[in-house]
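Asks: This structure is in structure tokens; I'll ask about it shortly.
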Amino acid sequence: MTIQLTEWDGSRYLQTREDVGLYLTACFTEGGSDAALLAQALDDIARSTGLAQLALESGIDAHELAQSLSPGEGPSFDAVLKLVSMLGLQFRIEPCAA
């Protein structure tokens with residue numbers, strides 16, 4: 001019996017604003033200091049929403065947005081803030097548990 005594996009694509013499961021918020025929260029909670037994980041999460045969100053539409057709404061050039069979210073590139077904090085705001089989300093900072 002052969003098992004076929006496919007690469008998991010988070011963008012396929014993000015259908016609502018709540019999904020996006022929960023996904024991004026989980027990524028920050030589990031890997032808050034892992035910039036690559038957070039960039040991948042933002043890329044998943046951008047692809048689930050439509051990169052061209054996000055770029056238009058956020059005022060970021062589509063090519064620049066795609067490049068800033070591509071693996072190996074760290075998105076600028078400005079791009080992250082624009083995307084989060086455009087998605088109707090907000091950052092919350094809380095003290096870490098002691």
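Order determines the names: the first chain of the structure tokens is A, the second B, and so forth; residues in each chain are numbered 1 upward, and ligands are numbered 1 upward as they are shown.
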Residues of region 34-57 of chain A within 9 Å of region 79-85 of chain A: nearest atom pair and distance (Å, one decimal) for each, counting only C-alpha atoms, sorted by chain and number, as a tab-separated table?
Replies:
residue	atom	partner	partner_atom	distance
A:Ala39	CA	A:Val80	CA	9.0
A:Leu42	CA	A:Val80	CA	7.9
A:Ala46	CA	A:Leu83	CA	8.4
A:Leu54	CA	A:Leu83	CA	7.5
A:Ala55	CA	A:Leu83	CA	8.7
A:Glu57	CA	A:Leu83	CA	8.9
Asks: Please extract the residues of region 1-90 of chain A with a backbone DSSP assignment of alpha helix (DSSP H) and present them as a PyMOL selection string.
Replies: chain A and resi 17-31+35-49+51-58+62-69+77-86
Asks: Using only C-alpha atoms, which protein or nucleic acid residues come within 8 Å of region 17-31 of chain A? Drop anything in the same chain fewer than 5 positions from it, and give the result as a short mmCIF file (atom, residue, chain, number, x, y, z; two decimals) with all heavy atoms, in the first residue's frame.
Replies:
data_model
loop_
_atom_site.label_atom_id
_atom_site.label_comp_id
_atom_site.auth_asym_id
_atom_site.auth_seq_id
_atom_site.Cartn_x
_atom_site.Cartn_y
_atom_site.Cartn_z
N LEU A 37 7.98 31.47 10.16
CA LEU A 37 6.64 30.95 10.38
C LEU A 37 5.60 32.05 10.22
O LEU A 37 4.57 31.85 9.57
CB LEU A 37 6.51 30.31 11.77
CG LEU A 37 5.11 29.87 12.17
CD1 LEU A 37 4.63 28.71 11.31
CD2 LEU A 37 5.06 29.50 13.64
N LEU A 38 5.88 33.20 10.78
CA LEU A 38 4.94 34.31 10.68
C LEU A 38 4.82 34.81 9.24
O LEU A 38 3.72 35.12 8.78
CB LEU A 38 5.34 35.44 11.62
CG LEU A 38 5.36 35.05 13.10
CD1 LEU A 38 5.88 36.19 13.95
CD2 LEU A 38 4.00 34.61 13.56
N ALA A 41 2.63 32.36 7.49
CA ALA A 41 1.22 32.56 7.87
C ALA A 41 0.63 33.74 7.11
O ALA A 41 -0.49 33.66 6.60
CB ALA A 41 1.11 32.78 9.38
N LEU A 42 1.38 34.84 7.01
CA LEU A 42 0.89 36.00 6.27
C LEU A 42 0.74 35.69 4.78
O LEU A 42 -0.20 36.14 4.14
CB LEU A 42 1.83 37.19 6.48
CG LEU A 42 1.80 37.78 7.89
CD1 LEU A 42 2.92 38.79 8.07
CD2 LEU A 42 0.45 38.41 8.19
N ILE A 45 -2.43 33.73 4.41
CA ILE A 45 -3.57 34.64 4.53
C ILE A 45 -3.74 35.45 3.24
O ILE A 45 -4.84 35.59 2.72
CB ILE A 45 -3.40 35.57 5.75
CG1 ILE A 45 -3.52 34.75 7.03
CG2 ILE A 45 -4.41 36.71 5.72
CD1 ILE A 45 -3.04 35.46 8.28
N LEU A 87 -7.18 43.48 7.09
CA LEU A 87 -7.95 42.27 7.34
C LEU A 87 -8.95 42.45 8.50
O LEU A 87 -9.68 41.53 8.83
CB LEU A 87 -7.01 41.10 7.65
CG LEU A 87 -6.17 40.62 6.47
CD1 LEU A 87 -5.02 39.75 6.95
CD2 LEU A 87 -7.04 39.89 5.47
N GLY A 88 -8.96 43.63 9.10
CA GLY A 88 -9.89 43.90 10.19
C GLY A 88 -9.44 43.27 11.49
O GLY A 88 -10.25 42.98 12.37
N LEU A 89 -8.13 43.09 11.63
CA LEU A 89 -7.57 42.49 12.83
C LEU A 89 -6.72 43.52 13.56
O LEU A 89 -6.41 44.57 13.02
CB LEU A 89 -6.70 41.27 12.47
CG LEU A 89 -7.40 40.16 11.68
CD1 LEU A 89 -6.39 39.14 11.20
CD2 LEU A 89 -8.48 39.51 12.52
#
Asks: Using only C-alpha atoms, pick whichever of A:Glu64, A:Ser11, A:Asp34, A:Thr2 has the shortest atom-to-atom distance to Gly50 (chain A).
Replies: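 Under the stated criterion, the closest residue is A:Ser11.
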Asks: Could you give me, as a VMD selection string, the residues within 10 Å of Arg12 (chain A), counting only C-alpha atoms and dropping anything in the same chain fewer than 4 positions from it?
Replies: chain A and resid 8 44 to 45 47 to 48
Asks: For Ser58 (chain A), which of A:Asp43, A:Phe77, A:Met86, A:Thr16 is the closest residue, counting only C-alpha atoms?
Replies: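 Ranked by minimum distance to Ser58 (chain A), first place goes to A:Met86.
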